[in-house]
file protein26.txt (compact mmCIF, C-alpha atoms)
# COMPACT_ATOMS: atom_id res chain seq x y z
CA MET A 1 10.41 23.72 -15.31
CA TRP A 2 6.82 24.75 -14.55
CA PHE A 3 5.52 21.66 -16.37
CA GLU A 4 7.09 19.31 -13.84
CA GLN A 5 5.65 21.31 -10.94
CA VAL A 6 2.14 21.26 -12.39
CA LEU A 7 2.44 17.51 -12.95
CA PHE A 8 3.69 17.00 -9.38
CA PHE A 9 0.80 18.91 -7.83
CA VAL A 10 -1.80 17.13 -9.98
CA ALA A 11 -0.36 13.74 -9.00
CA ALA A 12 -0.01 14.74 -5.33
CA ILE A 13 -3.62 15.91 -5.12
CA GLY A 14 -4.71 12.67 -6.81
CA ALA A 15 -2.68 10.55 -4.41
CA LEU A 16 -3.92 12.39 -1.31
CA GLY A 17 -7.53 12.36 -2.54
CA GLY A 18 -7.36 8.65 -3.28
CA ALA A 19 -5.88 7.94 0.15
CA LEU A 20 -8.58 10.00 1.87
CA GLY A 21 -11.22 8.22 -0.19
CA VAL A 22 -9.98 4.82 0.98
CA VAL A 23 -10.37 5.88 4.62
CA ILE A 24 -13.56 7.94 4.42
CA LEU A 25 -15.82 6.01 2.00
CA ARG A 26 -18.18 3.64 3.83
CA ASN A 27 -18.58 1.05 1.08
CA PRO A 28 -15.48 -1.23 0.75
CA PHE A 29 -16.03 -1.46 -3.02
CA TYR A 30 -15.62 2.31 -3.43
CA SER A 31 -12.56 2.15 -1.13
CA VAL A 32 -10.90 -0.31 -3.54
CA LEU A 33 -11.65 1.98 -6.49
CA ALA A 34 -10.20 4.94 -4.58
CA LEU A 35 -7.05 2.92 -3.95
CA VAL A 36 -6.73 2.22 -7.70
CA ALA A 37 -6.88 5.99 -8.36
CA HIS A 38 -4.29 6.51 -5.63
CA LEU A 39 -1.96 3.91 -7.17
CA VAL A 40 -2.16 5.46 -10.64
CA ALA A 41 -1.34 8.90 -9.20
CA LEU A 42 1.56 7.36 -7.31
CA ALA A 43 2.87 5.81 -10.54
CA MET A 44 2.91 9.31 -12.02
CA LEU A 45 5.04 10.49 -9.08
CA PHE A 46 7.42 7.56 -9.66
CA LEU A 47 7.76 8.66 -13.29
CA LEU A 48 8.64 12.19 -12.12
CA LEU A 49 11.37 10.62 -9.95
CA HIS A 50 12.82 8.79 -13.00
CA ALA A 51 11.75 5.36 -11.72
CA GLU A 52 10.19 4.11 -14.96
CA PHE A 53 10.36 0.41 -14.16
CA ILE A 54 8.80 0.84 -10.70
CA ALA A 55 6.02 2.96 -12.20
CA ALA A 56 5.22 0.33 -14.82
CA GLY A 57 5.30 -2.44 -12.22
CA GLN A 58 3.03 -0.39 -9.96
CA VAL A 59 0.36 -0.02 -12.64
CA VAL A 60 0.58 -3.56 -14.04
CA VAL A 61 1.01 -5.60 -10.85
CA TYR A 62 -0.65 -3.43 -8.21
CA ALA A 63 -3.43 -1.54 -9.94
CA GLY A 64 -3.95 -4.46 -12.30
CA ALA A 65 -3.56 -7.77 -10.51
CA VAL A 66 -3.74 -7.12 -6.76
CA MET A 67 -6.74 -4.80 -7.04
CA VAL A 68 -8.62 -7.38 -9.12
CA LEU A 69 -8.07 -9.81 -6.23
CA TYR A 70 -9.56 -7.23 -3.85
CA VAL A 71 -12.56 -6.63 -6.10
CA PHE A 72 -13.21 -10.38 -6.30
CA VAL A 73 -13.11 -10.78 -2.51
CA VAL A 74 -15.33 -7.73 -1.92
CA ALA A 75 -17.84 -9.10 -4.44
CA TYR A 76 -17.68 -12.56 -2.85
CA ILE A 77 -18.23 -11.31 0.69
CA GLY A 78 -20.83 -8.79 -0.41
CA GLY A 79 -19.37 -5.41 0.45
CA SER A 80 -21.93 -3.94 2.79
CA ASP A 81 -21.77 -0.44 4.16
CA GLU A 82 -20.03 -0.35 7.49
CA PRO A 83 -22.46 0.88 10.15
CA LEU A 84 -21.30 3.91 12.02
CA ARG A 85 -20.20 3.36 15.57
CA PRO A 86 -23.32 3.73 17.75
CA GLU A 87 -21.46 5.40 20.57
CA GLY A 88 -18.50 7.60 19.67
CA GLY A 89 -15.98 5.23 21.22
CA ALA A 90 -12.56 6.18 22.46
CA ILE A 91 -10.81 4.71 19.40
CA SER A 92 -12.81 6.71 16.87
CA THR A 93 -11.89 9.96 18.62
CA PHE A 94 -8.27 9.18 19.52
CA GLY A 95 -7.35 7.42 16.24
CA PRO A 96 -7.32 10.57 14.07
CA LEU A 97 -5.57 12.43 16.90
CA PHE A 98 -2.76 9.87 16.95
CA ALA A 99 -2.51 10.04 13.14
CA ALA A 100 -2.24 13.83 13.27
CA ALA A 101 0.48 13.52 15.92
CA ILE A 102 2.45 11.14 13.66
CA ALA A 103 1.99 13.55 10.72
CA ILE A 104 3.35 16.51 12.69
CA GLU A 105 6.24 14.44 14.03
CA LEU A 106 7.20 13.11 10.59
CA CYS A 107 7.04 16.58 9.03
CA ILE A 108 9.32 17.95 11.76
CA ALA A 109 11.73 15.07 11.11
CA MET A 110 11.63 15.57 7.31
CA LEU A 111 11.93 19.36 7.27
CA GLY A 112 14.36 19.68 10.17
CA THR A 113 16.75 17.09 8.79
CA GLY A 114 20.44 17.85 8.46
CA LEU A 115 20.57 16.27 5.00
CA GLU A 116 21.25 19.18 2.65
CA ALA A 117 20.47 17.13 -0.44
CA VAL A 118 16.79 17.00 0.61
CA ASP A 119 16.41 20.60 -0.56
CA SER A 120 17.82 19.87 -4.01
CA LYS A 121 16.51 18.16 -7.11
CA GLY A 122 18.73 15.16 -6.41
CA ALA A 123 22.03 13.93 -7.75
CA ASP A 124 22.98 14.09 -11.43
CA ILE A 125 21.87 10.90 -13.14
CA GLY A 126 22.71 9.26 -16.43
CA ALA A 127 20.35 8.41 -19.25
CA GLY A 128 19.63 4.82 -18.14
CA PHE A 129 18.61 5.63 -14.56
CA GLY A 130 15.69 3.48 -13.40
CA SER A 131 15.45 1.54 -16.67
CA PRO A 132 14.60 -2.18 -16.60
CA ALA A 133 18.19 -2.99 -17.61
CA ALA A 134 19.69 -1.13 -14.64
CA ILE A 135 17.16 -2.56 -12.14
CA GLY A 136 17.57 -6.09 -13.50
CA GLU A 137 21.32 -5.94 -13.28
CA LEU A 138 21.17 -4.83 -9.62
CA LEU A 139 18.48 -7.40 -8.81
CA LEU A 140 20.36 -10.34 -10.30
CA ARG A 141 23.87 -9.38 -9.13
CA LYS A 142 23.96 -7.31 -5.98
CA PHE A 143 20.58 -8.25 -4.51
CA LEU A 144 20.30 -11.85 -5.70
CA VAL A 145 19.68 -13.22 -2.18
CA ALA A 146 16.83 -10.75 -1.58
CA PHE A 147 15.37 -11.62 -5.01
CA GLU A 148 15.39 -15.36 -4.29
CA ALA A 149 14.02 -14.86 -0.76
CA ALA A 150 11.17 -12.77 -2.21
CA SER A 151 10.30 -15.47 -4.75
CA PHE A 152 10.31 -18.10 -2.01
CA LEU A 153 8.10 -15.88 0.17
CA LEU A 154 5.60 -15.55 -2.70
CA LEU A 155 5.45 -19.34 -3.01
CA ILE A 156 4.80 -19.70 0.74
CA ALA A 157 2.08 -17.03 0.58
CA ALA A 158 0.34 -18.73 -2.35
CA VAL A 159 0.34 -22.13 -0.63
CA GLY A 160 -0.77 -20.51 2.65
CA ALA A 161 -3.70 -18.77 0.96
CA VAL A 162 -4.88 -22.06 -0.55
CA VAL A 163 -4.65 -23.77 2.86
CA LEU A 164 -6.46 -20.90 4.63
CA ALA A 165 -9.33 -20.50 2.19
CA ARG A 166 -10.04 -24.16 1.36
CA ARG A 167 -13.25 -25.85 2.42
CA ARG A 168 -12.91 -27.54 5.75
CA ARG A 169 -15.24 -30.45 4.97
CA GLY A 170 -14.67 -33.15 2.36
CA LEU A 171 -16.54 -33.16 -0.91
CA GLU A 172 -18.73 -36.14 -0.04
CA GLU A 173 -20.20 -34.38 3.00
CA VAL A 174 -21.17 -31.37 0.91
CA ALA A 175 -23.03 -33.56 -1.57
CA MET B 176 10.73 19.72 -7.53
CA ASP B 177 12.81 19.36 -4.38
CA ILE B 178 13.03 15.93 -2.79
CA ALA B 179 11.53 17.35 0.43
CA TRP B 180 8.14 17.76 -1.31
CA TYR B 181 8.00 14.06 -2.07
CA LEU B 182 9.02 13.16 1.49
CA VAL B 183 6.32 15.37 3.05
CA LEU B 184 3.72 13.89 0.66
CA SER B 185 4.77 10.39 1.66
CA ALA B 186 4.48 11.35 5.34
CA PHE B 187 0.91 12.57 4.78
CA ILE B 188 -0.09 9.41 2.89
CA PHE B 189 1.41 7.28 5.66
CA CYS B 190 -0.59 9.13 8.32
CA ILE B 191 -3.85 8.86 6.37
CA GLY B 192 -3.23 5.10 6.19
CA ALA B 193 -2.45 4.92 9.90
CA ALA B 194 -5.67 6.81 10.72
CA GLY B 195 -7.61 4.30 8.62
CA VAL B 196 -6.05 1.32 10.38
CA LEU B 197 -6.89 2.87 13.75
CA THR B 198 -10.49 3.87 13.04
CA ARG B 199 -11.96 1.43 10.49
CA ARG B 200 -13.40 -1.95 11.56
CA ASN B 201 -13.85 -3.81 8.27
CA PRO B 202 -10.71 -5.99 7.86
CA LEU B 203 -10.84 -5.47 4.07
CA VAL B 204 -10.53 -1.71 4.49
CA ILE B 205 -7.81 -2.19 7.11
CA LEU B 206 -5.82 -4.19 4.52
CA LEU B 207 -6.35 -1.36 2.01
CA CYS B 208 -5.03 1.14 4.56
CA LEU B 209 -1.98 -1.06 5.15
CA GLU B 210 -1.38 -0.86 1.39
CA LEU B 211 -1.50 2.93 1.70
CA MET B 212 1.18 2.87 4.40
CA LEU B 213 3.44 0.53 2.38
CA ASN B 214 3.02 2.74 -0.69
CA ALA B 215 4.01 5.80 1.34
CA GLY B 216 7.18 3.95 2.32
CA ASN B 217 7.77 3.08 -1.34
CA LEU B 218 7.45 6.73 -2.34
CA ALA B 219 10.02 7.74 0.27
CA LEU B 220 12.40 4.97 -0.88
CA VAL B 221 12.16 6.03 -4.53
CA ALA B 222 12.62 9.69 -3.55
CA PHE B 223 15.78 8.85 -1.61
CA SER B 224 17.02 6.74 -4.52
CA ARG B 225 16.60 9.82 -6.78
CA MET B 226 18.39 11.95 -4.18
CA HIS B 227 21.46 9.70 -4.12
CA GLY B 228 21.44 8.84 -7.80
CA GLY B 229 21.58 5.08 -7.18
CA GLU B 230 18.95 2.48 -8.03
CA ALA B 231 19.26 0.43 -4.80
CA GLY B 232 16.26 2.23 -3.30
CA GLN B 233 14.16 1.27 -6.31
CA VAL B 234 15.09 -2.40 -5.87
CA PHE B 235 14.05 -2.04 -2.24
CA ALA B 236 10.69 -0.59 -3.35
CA LEU B 237 10.22 -3.56 -5.69
CA ILE B 238 10.81 -5.99 -2.79
CA VAL B 239 8.30 -4.02 -0.66
CA MET B 240 5.73 -4.50 -3.44
CA VAL B 241 6.33 -8.27 -3.27
CA ILE B 242 5.88 -8.23 0.51
CA ALA B 243 2.64 -6.25 0.09
CA ALA B 244 1.35 -8.83 -2.40
CA CYS B 245 2.09 -11.66 0.08
CA GLU B 246 0.34 -9.77 2.89
CA VAL B 247 -2.72 -9.19 0.70
CA VAL B 248 -2.94 -12.85 -0.30
CA ILE B 249 -2.76 -14.11 3.30
CA GLY B 250 -5.10 -11.40 4.61
CA LEU B 251 -7.73 -12.05 1.95
CA GLY B 252 -7.41 -15.80 2.61
CA ILE B 253 -8.18 -15.21 6.30
CA ILE B 254 -11.15 -12.97 5.41
CA VAL B 255 -12.56 -15.61 3.03
CA ALA B 256 -12.13 -18.24 5.78
CA MET B 257 -14.01 -15.96 8.22
CA HIS B 258 -16.81 -15.59 5.69
CA ARG B 259 -16.96 -19.38 5.15
CA ASN B 260 -17.31 -19.97 8.90
CA ARG B 261 -20.07 -17.32 9.04
CA LEU B 262 -18.11 -15.15 11.42
CA PRO B 263 -18.83 -11.41 11.46
CA ILE B 264 -16.51 -9.43 9.14
CA ASP B 265 -15.62 -7.00 11.92
CA VAL B 266 -12.31 -6.73 13.76
CA ASP B 267 -13.98 -5.60 16.99
CA GLU B 268 -15.86 -8.89 17.30
CA MET B 269 -12.99 -11.01 15.98
CA SER B 270 -10.45 -10.99 18.77
CA GLU B 271 -8.98 -14.46 18.36
CA LEU B 272 -7.66 -16.48 15.42
CA ARG B 273 -8.48 -19.97 16.74
CA GLY B 274 -9.88 -21.84 13.77
call {"tool": "encode", "arguments": {"input": "protein26.txt", "output": "structure tokens"}}
result
Amino acid sequence: MWFEQVLFFVAAIGALGGALGVVILRNPFYSVLALVAHLVALAMLFLLLHAEFIAAGQVVVYAGAVMVLYVFVVAYIGGSDEPLRPEGGAISTFGPLFAAAIAIELCIAMLGTGLEAVDSKGADIGAGFGSPAAIGELLLRKFLVAFEAASFLLLIAAVGAVVLARRRRGLEEVA
Amino acid sequence: MDIAWYLVLSAFIFCIGAAGVLTRRNPLVILLCLELMLNAGNLALVAFSRMHGGEAGQVFALIVMVIAACEVVIGLGIIVAMHRNRLPIDVDEMSELRG
């Protein structure tokens, strides 16, 4: 299946390029746009893994709604270019070193694992794998408590955001 | 494609996100890099779900997306509050959360 491999490498290069763009670009607005590209590439990888519902949710909720929130906040704050560190501080030199150390460690853990199934294409799956029906059935039967806890957490986060970002003074003082 | 390819890719994305959290100073970009790390975890979860042939990992990834949305909402709320109080949008100069 050369088609699947080509698709994987295109999506992987897109995901890695988007991730690098988020970190390297100086303007926060361009970082947000790079993250949108990264999320779309990641949705393609989810499709290759037969996770159709997750891929659709990724594009609609993440790349659609959450990124719009980011763009609004960047526009509100006025995304200015971050000035480079005047003196090459310890963090700016050691940060990438630590990240490289984590990368090497994780690759050793992934490739040296005793799980034989890692070197296969995965288990045999039926036709409905990853469909909204299968996910919904699991979510509302086996993982009902997690589903309800997540909805409650979303409510708390929404109320918390309103409390955090509200104006501190009353309306009459502003006028 | 073998599952190992997806796992190595997720490891690389996670490390790029970690490098961003360690080196960047704008809290907006730090939140974006946290998203990168959560997405790398999602990719690994979905890859393992494909490996075992069960959808539980995909449900887990869905819950992680909800957690990421909550984190974004609270983080952006704090950044907007910092902007309202005319504090510098820089994590080096913001070392306390006392309102």
call {"tool": "residues_near_point", "arguments": {"input": "protein26.txt", "point": "(4.1, 4.7, -3.1)", "cutoff": "8 Å", "atoms": "all atoms listed in the file", "output": "list of chain:residue names"}}
result
A:Leu39, A:Leu42, A:Ala43, A:Phe46, B:Ser185, B:Leu211, B:Leu213, B:Asn214, B:Ala215, B:Gly216, B:Asn217, B:Leu218, B:Ala219
call {"tool": "interface_residues", "arguments": {"input": "protein26.txt", "of": "chain A", "to": "chain B", "cutoff": "6 Å", "atoms": "all atoms listed in the file", "output": "MDAnalysis selection string"}}
result
chainID A and resid 23 92 95:96 99 103 118:123 125 154 157 161 164:165
call {"tool": "residues_around", "arguments": {"input": "protein26.txt", "residues": "Leu144 in chain A", "least_positions_apart": "6", "cutoff": "12 Å", "atoms": "only C-alpha atoms", "output": "ChimeraX atom specification"}}
result
/A:135-138,150-151 /B:234,238
call {"tool": "atom_distance", "arguments": {"input": "protein26.txt", "atom1": "CA of Leu139 in chain A", "atom2": "CA of Ala158 in chain A"}}
result
22.3 Å
call {"tool": "closest_residue", "arguments": {"input": "protein26.txt", "among": "A:Leu48, A:Ile24, A:Val61, A:Met67", "to": "Val36 in chain A", "atoms": "all atoms listed in the file"}}
result
A:Met67
call {"tool": "atom_distance", "arguments": {"input": "protein26.txt", "atom1": "CA of Asn27 in chain A", "atom2": "CA of Asp267 in chain B"}}
result
17.8 Å
call {"tool": "atom_distance", "arguments": {"input": "protein26.txt", "atom1": "CA of Val73 in chain A", "atom2": "CA of Phe152 in chain A"}}
result
24.5 Å
